[in-house]
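I have placed the structure first, in the form of structure tokens, so that the comments after it can refer back to it.
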Amino acid sequence: MARAGRLGDHRSSGRLGRAAARAAATGLVLALAACQPPALADPDQRERGRQAFPAPDRPIAKIVSSRWSTEEARDRVREADVVMDKAGVVPGMTVADIGAGEGYYTVRLAARVGSEGRVLAQDIVPGVRDALAERVNRERLDNVSVKLGEAADPKLPANSFDRVFMVHMYHEIEQPYEFLWNLRGSLRPGGQVIVVDADRPTQNHGTPPGLLRCEFAALGYVPVRFERMPRADGYFAAFEARGPRPEPAEIRPCRLD
């Protein structure tokens, strides 16, 4: 992974006004976009893939808020600590926080991986991305970069991540097969995708575990851990990508009964 730019001169500009902070955050995002490679080394392969992915046979939840719950409530039950422990996050790792929202996991992952680690926080809503970039700048999180993704492509650099987190957002992905296909190229050998979600229908902002396993399996992901997590209002699931990535036309979508 190409190291993303630091947060510039924020240490000497702690008294930036809101407008200046927004400009600094925008500069951070532009610098990140300029220096990071695409998740796939072959642009033609990415374009071929876009033409052939199956649609999911299930409802897609609408994005209704960048906040799932208050940070104080989540910290009272040690949600992030428990999830990071289960995921095996240790200092020096490179991790991604997909659908990062206001940054609850982003700031806690940054503390866990430390100065030798890296966190890439991604969201597909420009205003949410900008607000998170401002928070990263304000809290001087030098090991965090912020990036705008797409609904069907997280836009992550290739062969870069030890862990990719998707917390209470998988049910909002409009094209899960294309998204997971693009995501595979960003994982390092032994890297894992971590999903935390509620066990309820997707239209009710959750993902039934059987459906989650089926959709991941369609892209060659193997479950390596699954546990109920009442503290996070759902469950914890970890997957590794094994074997060759299927061609888009070979993907068999999961069907709801």
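Each chain of the structure tokens is named A, B, ... in the order shown, its residues numbered from 1; ligands are numbered from 1 in display order.
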
Surrounding residues of Leu141 in chain A excluding itself and chain neighbours under 5 positions, 10 Å, only C-alpha atoms, as number ranges by chain: A: 6-7, 106-107, 110-111, 114-115, 119, 133, 135-136

So that I have them on file, write out the residues from the current selection with N, CA and C atoms, as a PDB file, in the first residue's frame.
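This went into selection.pdb:
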```pdb
ATOM      1  N   ARG A   6       0.299  12.452   5.109  1.00  0.00           N
ATOM      2  CA  ARG A   6      -0.053  12.811   6.481  1.00  0.00           C
ATOM      3  C   ARG A   6      -1.045  13.954   6.473  1.00  0.00           C
ATOM      4  N   LEU A   7      -1.404  14.422   7.624  1.00  0.00           N
ATOM      5  CA  LEU A   7      -2.431  15.439   7.706  1.00  0.00           C
ATOM      6  C   LEU A   7      -1.867  16.840   7.567  1.00  0.00           C
ATOM      7  N   THR A 106     -13.080   4.218  13.305  1.00  0.00           N
ATOM      8  CA  THR A 106     -11.858   4.790  12.745  1.00  0.00           C
ATOM      9  C   THR A 106     -10.905   5.267  13.834  1.00  0.00           C
ATOM     10  N   VAL A 107     -11.414   6.059  14.776  1.00  0.00           N
ATOM     11  CA  VAL A 107     -10.528   6.624  15.787  1.00  0.00           C
ATOM     12  C   VAL A 107     -10.026   5.540  16.745  1.00  0.00           C
ATOM     13  N   ALA A 110      -7.385   3.487  14.945  1.00  0.00           N
ATOM     14  CA  ALA A 110      -6.147   4.264  14.876  1.00  0.00           C
ATOM     15  C   ALA A 110      -5.339   4.111  16.154  1.00  0.00           C
ATOM     16  N   ALA A 111      -6.014   4.145  17.297  1.00  0.00           N
ATOM     17  CA  ALA A 111      -5.317   3.971  18.567  1.00  0.00           C
ATOM     18  C   ALA A 111      -4.767   2.553  18.705  1.00  0.00           C
ATOM     19  N   GLY A 114      -1.703   1.921  16.226  1.00  0.00           N
ATOM     20  CA  GLY A 114      -0.564   2.723  16.642  1.00  0.00           C
ATOM     21  C   GLY A 114       0.139   3.449  15.505  1.00  0.00           C
ATOM     22  N   SER A 115       1.236   4.082  15.856  1.00  0.00           N
ATOM     23  CA  SER A 115       1.948   4.925  14.894  1.00  0.00           C
ATOM     24  C   SER A 115       2.565   4.137  13.749  1.00  0.00           C
ATOM     25  N   VAL A 119      -4.729   3.300   9.035  1.00  0.00           N
ATOM     26  CA  VAL A 119      -6.173   3.131   8.913  1.00  0.00           C
ATOM     27  C   VAL A 119      -6.649   3.929   7.704  1.00  0.00           C
ATOM     28  N   ALA A 133     -13.129  13.591   7.609  1.00  0.00           N
ATOM     29  CA  ALA A 133     -11.797  14.135   7.369  1.00  0.00           C
ATOM     30  C   ALA A 133     -11.503  15.298   8.314  1.00  0.00           C
ATOM     31  N   ARG A 135     -12.756  15.599  11.334  1.00  0.00           N
ATOM     32  CA  ARG A 135     -12.508  15.001  12.651  1.00  0.00           C
ATOM     33  C   ARG A 135     -11.098  14.430  12.734  1.00  0.00           C
ATOM     34  N   VAL A 136     -10.685  13.741  11.699  1.00  0.00           N
ATOM     35  CA  VAL A 136      -9.333  13.188  11.660  1.00  0.00           C
ATOM     36  C   VAL A 136      -8.304  14.304  11.789  1.00  0.00           C
TER      37      VAL A 136
END
```

Looking only at the backbone, which of the residues in range 41-160 of chain A does DSSP tag as strand (DSSP E), as a PyMOL selection string? chain A and resi 94-98+118-123+144-148

Atoms to include: N, CA and C atoms. Write the selected residues as a PDB file, in the first residue's frame.
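Output below, filename part-v2.pdb:
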```pdb
ATOM      1  N   THR A  94      -2.431  -2.759   9.017  1.00  0.00           N
ATOM      2  CA  THR A  94      -3.091  -1.827   8.113  1.00  0.00           C
ATOM      3  C   THR A  94      -4.529  -2.288   7.968  1.00  0.00           C
ATOM      4  N   VAL A  95      -5.472  -1.405   8.302  1.00  0.00           N
ATOM      5  CA  VAL A  95      -6.879  -1.790   8.318  1.00  0.00           C
ATOM      6  C   VAL A  95      -7.706  -0.756   7.567  1.00  0.00           C
ATOM      7  N   ALA A  96      -8.870  -1.177   7.112  1.00  0.00           N
ATOM      8  CA  ALA A  96      -9.820  -0.285   6.445  1.00  0.00           C
ATOM      9  C   ALA A  96     -11.130  -0.306   7.198  1.00  0.00           C
ATOM     10  N   ASP A  97     -11.756   0.856   7.292  1.00  0.00           N
ATOM     11  CA  ASP A  97     -13.063   1.009   7.925  1.00  0.00           C
ATOM     12  C   ASP A  97     -14.026   1.459   6.832  1.00  0.00           C
ATOM     13  N   ILE A  98     -14.830   0.516   6.312  1.00  0.00           N
ATOM     14  CA  ILE A  98     -15.715   0.795   5.188  1.00  0.00           C
ATOM     15  C   ILE A  98     -17.070   1.251   5.710  1.00  0.00           C
ATOM     16  N   ARG A 118      -1.684   1.680   9.952  1.00  0.00           N
ATOM     17  CA  ARG A 118      -2.406   2.619   9.117  1.00  0.00           C
ATOM     18  C   ARG A 118      -3.891   2.267   9.128  1.00  0.00           C
ATOM     19  N   VAL A 119      -4.729   3.300   9.035  1.00  0.00           N
ATOM     20  CA  VAL A 119      -6.173   3.131   8.913  1.00  0.00           C
ATOM     21  C   VAL A 119      -6.649   3.929   7.704  1.00  0.00           C
ATOM     22  N   LEU A 120      -7.402   3.287   6.837  1.00  0.00           N
ATOM     23  CA  LEU A 120      -8.058   3.995   5.748  1.00  0.00           C
ATOM     24  C   LEU A 120      -9.554   3.978   6.035  1.00  0.00           C
ATOM     25  N   ALA A 121     -10.131   5.159   6.223  1.00  0.00           N
ATOM     26  CA  ALA A 121     -11.557   5.295   6.495  1.00  0.00           C
ATOM     27  C   ALA A 121     -12.259   5.701   5.209  1.00  0.00           C
ATOM     28  N   GLN A 122     -13.318   4.962   4.846  1.00  0.00           N
ATOM     29  CA  GLN A 122     -13.988   5.187   3.573  1.00  0.00           C
ATOM     30  C   GLN A 122     -15.470   5.343   3.781  1.00  0.00           C
ATOM     31  N   ASP A 123     -16.080   6.232   3.007  1.00  0.00           N
ATOM     32  CA  ASP A 123     -17.529   6.358   2.974  1.00  0.00           C
ATOM     33  C   ASP A 123     -17.915   6.765   1.562  1.00  0.00           C
ATOM     34  N   VAL A 144      -4.199   8.012   9.916  1.00  0.00           N
ATOM     35  CA  VAL A 144      -5.497   7.795   9.265  1.00  0.00           C
ATOM     36  C   VAL A 144      -5.575   8.588   7.971  1.00  0.00           C
ATOM     37  N   SER A 145      -6.070   7.951   6.923  1.00  0.00           N
ATOM     38  CA  SER A 145      -6.415   8.610   5.675  1.00  0.00           C
ATOM     39  C   SER A 145      -7.903   8.420   5.426  1.00  0.00           C
ATOM     40  N   VAL A 146      -8.508   9.342   4.701  1.00  0.00           N
ATOM     41  CA  VAL A 146      -9.943   9.322   4.442  1.00  0.00           C
ATOM     42  C   VAL A 146     -10.163   9.312   2.936  1.00  0.00           C
ATOM     43  N   LYS A 147     -11.099   8.470   2.490  1.00  0.00           N
ATOM     44  CA  LYS A 147     -11.287   8.270   1.055  1.00  0.00           C
ATOM     45  C   LYS A 147     -12.764   8.154   0.722  1.00  0.00           C
ATOM     46  N   LEU A 148     -13.137   8.636  -0.456  1.00  0.00           N
ATOM     47  CA  LEU A 148     -14.490   8.475  -0.966  1.00  0.00           C
ATOM     48  C   LEU A 148     -14.547   7.225  -1.832  1.00  0.00           C
TER      49      LEU A 148
END
```

Skip Val77 in chain A itself and residues of its chain fewer than 3 positions away, then list as a PyMOL selection string all residues within 12 Å of it, counting only C-alpha atoms. chain A and resi 70-74+80-83+229-233

I need the chosen residues saved as an mmCIF file, in the first residue's frame, with N, CA and C atoms.
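Output saved as part-v7.cif:
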```cif
data_model
loop_
_atom_site.group_PDB
_atom_site.id
_atom_site.type_symbol
_atom_site.label_atom_id
_atom_site.label_comp_id
_atom_site.auth_asym_id
_atom_site.auth_seq_id
_atom_site.Cartn_x
_atom_site.Cartn_y
_atom_site.Cartn_z
ATOM 1 N N THR A 70 -24.964 6.162 19.646
ATOM 2 C CA THR A 70 -24.028 7.135 20.189
ATOM 3 C C THR A 70 -22.720 6.450 20.582
ATOM 4 N N GLU A 71 -21.637 7.181 20.469
ATOM 5 C CA GLU A 71 -20.338 6.606 20.823
ATOM 6 C C GLU A 71 -20.268 6.288 22.308
ATOM 7 N N GLU A 72 -20.911 7.106 23.119
ATOM 8 C CA GLU A 72 -20.894 6.859 24.556
ATOM 9 C C GLU A 72 -21.596 5.545 24.889
ATOM 10 N N ALA A 73 -22.740 5.299 24.250
ATOM 11 C CA ALA A 73 -23.467 4.059 24.512
ATOM 12 C C ALA A 73 -22.663 2.847 24.050
ATOM 13 N N ARG A 74 -21.998 2.984 22.919
ATOM 14 C CA ARG A 74 -21.212 1.864 22.396
ATOM 15 C C ARG A 74 -19.984 1.597 23.268
ATOM 16 N N ALA A 80 -16.290 -1.568 20.515
ATOM 17 C CA ALA A 80 -15.130 -1.546 19.614
ATOM 18 C C ALA A 80 -13.999 -2.411 20.145
ATOM 19 N N ASP A 81 -13.750 -2.354 21.441
ATOM 20 C CA ASP A 81 -12.674 -3.169 22.014
ATOM 21 C C ASP A 81 -12.939 -4.654 21.799
ATOM 22 N N VAL A 82 -14.175 -5.071 22.033
ATOM 23 C CA VAL A 82 -14.517 -6.491 21.873
ATOM 24 C C VAL A 82 -14.374 -6.907 20.410
ATOM 25 N N VAL A 83 -14.872 -6.087 19.486
ATOM 26 C CA VAL A 83 -14.781 -6.419 18.066
ATOM 27 C C VAL A 83 -13.321 -6.468 17.611
ATOM 28 N N MET A 229 -23.088 -11.415 19.097
ATOM 29 C CA MET A 229 -22.574 -10.264 19.841
ATOM 30 C C MET A 229 -23.733 -9.388 20.300
ATOM 31 N N PRO A 230 -24.397 -9.762 21.382
ATOM 32 C CA PRO A 230 -25.505 -8.934 21.870
ATOM 33 C C PRO A 230 -25.083 -7.495 22.162
ATOM 34 N N ARG A 231 -23.837 -7.301 22.591
ATOM 35 C CA ARG A 231 -23.379 -5.940 22.905
ATOM 36 C C ARG A 231 -23.365 -5.046 21.672
ATOM 37 N N ALA A 232 -23.183 -5.641 20.507
ATOM 38 C CA ALA A 232 -23.186 -4.875 19.263
ATOM 39 C C ALA A 232 -24.510 -5.047 18.521
ATOM 40 N N ASP A 233 -25.534 -5.539 19.220
ATOM 41 C CA ASP A 233 -26.855 -5.726 18.639
ATOM 42 C C ASP A 233 -26.790 -6.616 17.406
#
```

Please list as number ranges by chain every residue within 12 Å of Ala241 in chain A, counting only C-alpha atoms and excluding residues in the same chain fewer than 2 positions away. A: 162-164, 180-194, 216-224, 238-239, 243-246

N, CA and C atoms of the current selection, written as an mmCIF file, in the first residue's frame:
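Generated output (out_39.cif):
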```
data_model
loop_
_atom_site.group_PDB
_atom_site.id
_atom_site.type_symbol
_atom_site.label_atom_id
_atom_site.label_comp_id
_atom_site.auth_asym_id
_atom_site.auth_seq_id
_atom_site.Cartn_x
_atom_site.Cartn_y
_atom_site.Cartn_z
ATOM 1 N N ASP A 162 -4.691 -5.916 6.269
ATOM 2 C CA ASP A 162 -4.763 -7.080 7.148
ATOM 3 C C ASP A 162 -6.200 -7.338 7.598
ATOM 4 N N ARG A 163 -6.965 -6.274 7.774
ATOM 5 C CA ARG A 163 -8.362 -6.385 8.167
ATOM 6 C C ARG A 163 -9.164 -5.297 7.452
ATOM 7 N N VAL A 164 -10.362 -5.663 6.995
ATOM 8 C CA VAL A 164 -11.314 -4.708 6.430
ATOM 9 C C VAL A 164 -12.597 -4.821 7.238
ATOM 10 N N LEU A 180 -17.882 -7.129 -3.292
ATOM 11 C CA LEU A 180 -16.995 -8.132 -2.704
ATOM 12 C C LEU A 180 -15.938 -8.588 -3.703
ATOM 13 N N TRP A 181 -16.273 -8.607 -4.976
ATOM 14 C CA TRP A 181 -15.305 -8.960 -6.017
ATOM 15 C C TRP A 181 -14.176 -7.936 -6.054
ATOM 16 N N ASN A 182 -14.528 -6.654 -6.042
ATOM 17 C CA ASN A 182 -13.521 -5.602 -6.036
ATOM 18 C C ASN A 182 -12.717 -5.590 -4.744
ATOM 19 N N LEU A 183 -13.378 -5.915 -3.630
ATOM 20 C CA LEU A 183 -12.716 -5.890 -2.329
ATOM 21 C C LEU A 183 -11.597 -6.924 -2.231
ATOM 22 N N ARG A 184 -11.750 -8.070 -2.883
ATOM 23 C CA ARG A 184 -10.790 -9.170 -2.729
ATOM 24 C C ARG A 184 -9.359 -8.741 -3.044
ATOM 25 N N GLY A 185 -9.184 -7.926 -4.064
ATOM 26 C CA GLY A 185 -7.838 -7.533 -4.454
ATOM 27 C C GLY A 185 -7.107 -6.685 -3.438
ATOM 28 N N SER A 186 -7.824 -6.119 -2.469
ATOM 29 C CA SER A 186 -7.189 -5.241 -1.486
ATOM 30 C C SER A 186 -6.612 -5.992 -0.293
ATOM 31 N N LEU A 187 -6.955 -7.284 -0.141
ATOM 32 C CA LEU A 187 -6.520 -8.041 1.030
ATOM 33 C C LEU A 187 -5.109 -8.579 0.855
ATOM 34 N N ARG A 188 -4.333 -8.497 1.913
ATOM 35 C CA ARG A 188 -3.054 -9.177 1.956
ATOM 36 C C ARG A 188 -3.279 -10.677 2.178
ATOM 37 N N PRO A 189 -2.284 -11.514 1.905
ATOM 38 C CA PRO A 189 -2.431 -12.937 2.236
ATOM 39 C C PRO A 189 -2.778 -13.110 3.720
ATOM 40 N N GLY A 190 -3.824 -13.854 3.999
ATOM 41 C CA GLY A 190 -4.273 -14.029 5.376
ATOM 42 C C GLY A 190 -5.135 -12.898 5.892
ATOM 43 N N GLY A 191 -5.383 -11.877 5.064
ATOM 44 C CA GLY A 191 -6.238 -10.769 5.479
ATOM 45 C C GLY A 191 -7.675 -11.214 5.641
ATOM 46 N N GLN A 192 -8.416 -10.512 6.479
ATOM 47 C CA GLN A 192 -9.795 -10.903 6.780
ATOM 48 C C GLN A 192 -10.745 -9.725 6.610
ATOM 49 N N VAL A 193 -11.962 -10.062 6.186
ATOM 50 C CA VAL A 193 -13.062 -9.105 6.158
ATOM 51 C C VAL A 193 -13.906 -9.349 7.399
ATOM 52 N N ILE A 194 -14.127 -8.301 8.166
ATOM 53 C CA ILE A 194 -14.872 -8.391 9.421
ATOM 54 C C ILE A 194 -16.229 -7.725 9.232
ATOM 55 N N PHE A 216 -20.936 -14.157 0.525
ATOM 56 C CA PHE A 216 -19.474 -14.180 0.596
ATOM 57 C C PHE A 216 -18.927 -15.416 -0.112
ATOM 58 N N ALA A 217 -19.577 -16.563 0.069
ATOM 59 C CA ALA A 217 -19.106 -17.793 -0.566
ATOM 60 C C ALA A 217 -19.153 -17.692 -2.080
ATOM 61 N N ALA A 218 -20.097 -16.939 -2.620
ATOM 62 C CA ALA A 218 -20.204 -16.783 -4.066
ATOM 63 C C ALA A 218 -18.966 -16.114 -4.656
ATOM 64 N N LEU A 219 -18.215 -15.391 -3.832
ATOM 65 C CA LEU A 219 -16.990 -14.730 -4.278
ATOM 66 C C LEU A 219 -15.733 -15.419 -3.778
ATOM 67 N N GLY A 220 -15.874 -16.606 -3.183
ATOM 68 C CA GLY A 220 -14.710 -17.358 -2.742
ATOM 69 C C GLY A 220 -14.201 -16.996 -1.366
ATOM 70 N N TYR A 221 -15.044 -16.379 -0.549
ATOM 71 C CA TYR A 221 -14.669 -16.096 0.838
ATOM 72 C C TYR A 221 -15.105 -17.251 1.735
ATOM 73 N N VAL A 222 -14.239 -17.603 2.666
ATOM 74 C CA VAL A 222 -14.502 -18.711 3.581
ATOM 75 C C VAL A 222 -14.688 -18.162 4.998
ATOM 76 N N PRO A 223 -15.740 -18.549 5.704
ATOM 77 C CA PRO A 223 -15.915 -18.073 7.086
ATOM 78 C C PRO A 223 -14.870 -18.690 8.006
ATOM 79 N N VAL A 224 -14.244 -17.855 8.813
ATOM 80 C CA VAL A 224 -13.242 -18.346 9.757
ATOM 81 C C VAL A 224 -13.664 -18.120 11.207
ATOM 82 N N ALA A 238 -16.102 -13.244 10.475
ATOM 83 C CA ALA A 238 -14.818 -12.986 9.813
ATOM 84 C C ALA A 238 -14.674 -13.940 8.637
ATOM 85 N N PHE A 239 -14.170 -13.410 7.518
ATOM 86 C CA PHE A 239 -14.004 -14.190 6.294
ATOM 87 C C PHE A 239 -12.602 -13.989 5.726
ATOM 88 N N GLY A 243 -8.539 -19.402 -2.726
ATOM 89 C CA GLY A 243 -8.704 -19.883 -4.085
ATOM 90 C C GLY A 243 -8.792 -18.732 -5.068
ATOM 91 N N PRO A 244 -8.982 -19.038 -6.326
ATOM 92 C CA PRO A 244 -9.055 -17.981 -7.343
ATOM 93 C C PRO A 244 -10.342 -17.185 -7.230
ATOM 94 N N ARG A 245 -10.263 -15.927 -7.575
ATOM 95 C CA ARG A 245 -11.462 -15.096 -7.621
ATOM 96 C C ARG A 245 -12.274 -15.482 -8.857
ATOM 97 N N PRO A 246 -13.567 -15.750 -8.685
ATOM 98 C CA PRO A 246 -14.365 -16.175 -9.845
ATOM 99 C C PRO A 246 -14.538 -15.037 -10.844
#
```

Could you tell me how far CA of Tyr104 in chain A lies from CA of Phe161 in chain A, in Å and to one decimal?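 Interatomic distance here is 19.2 Å.
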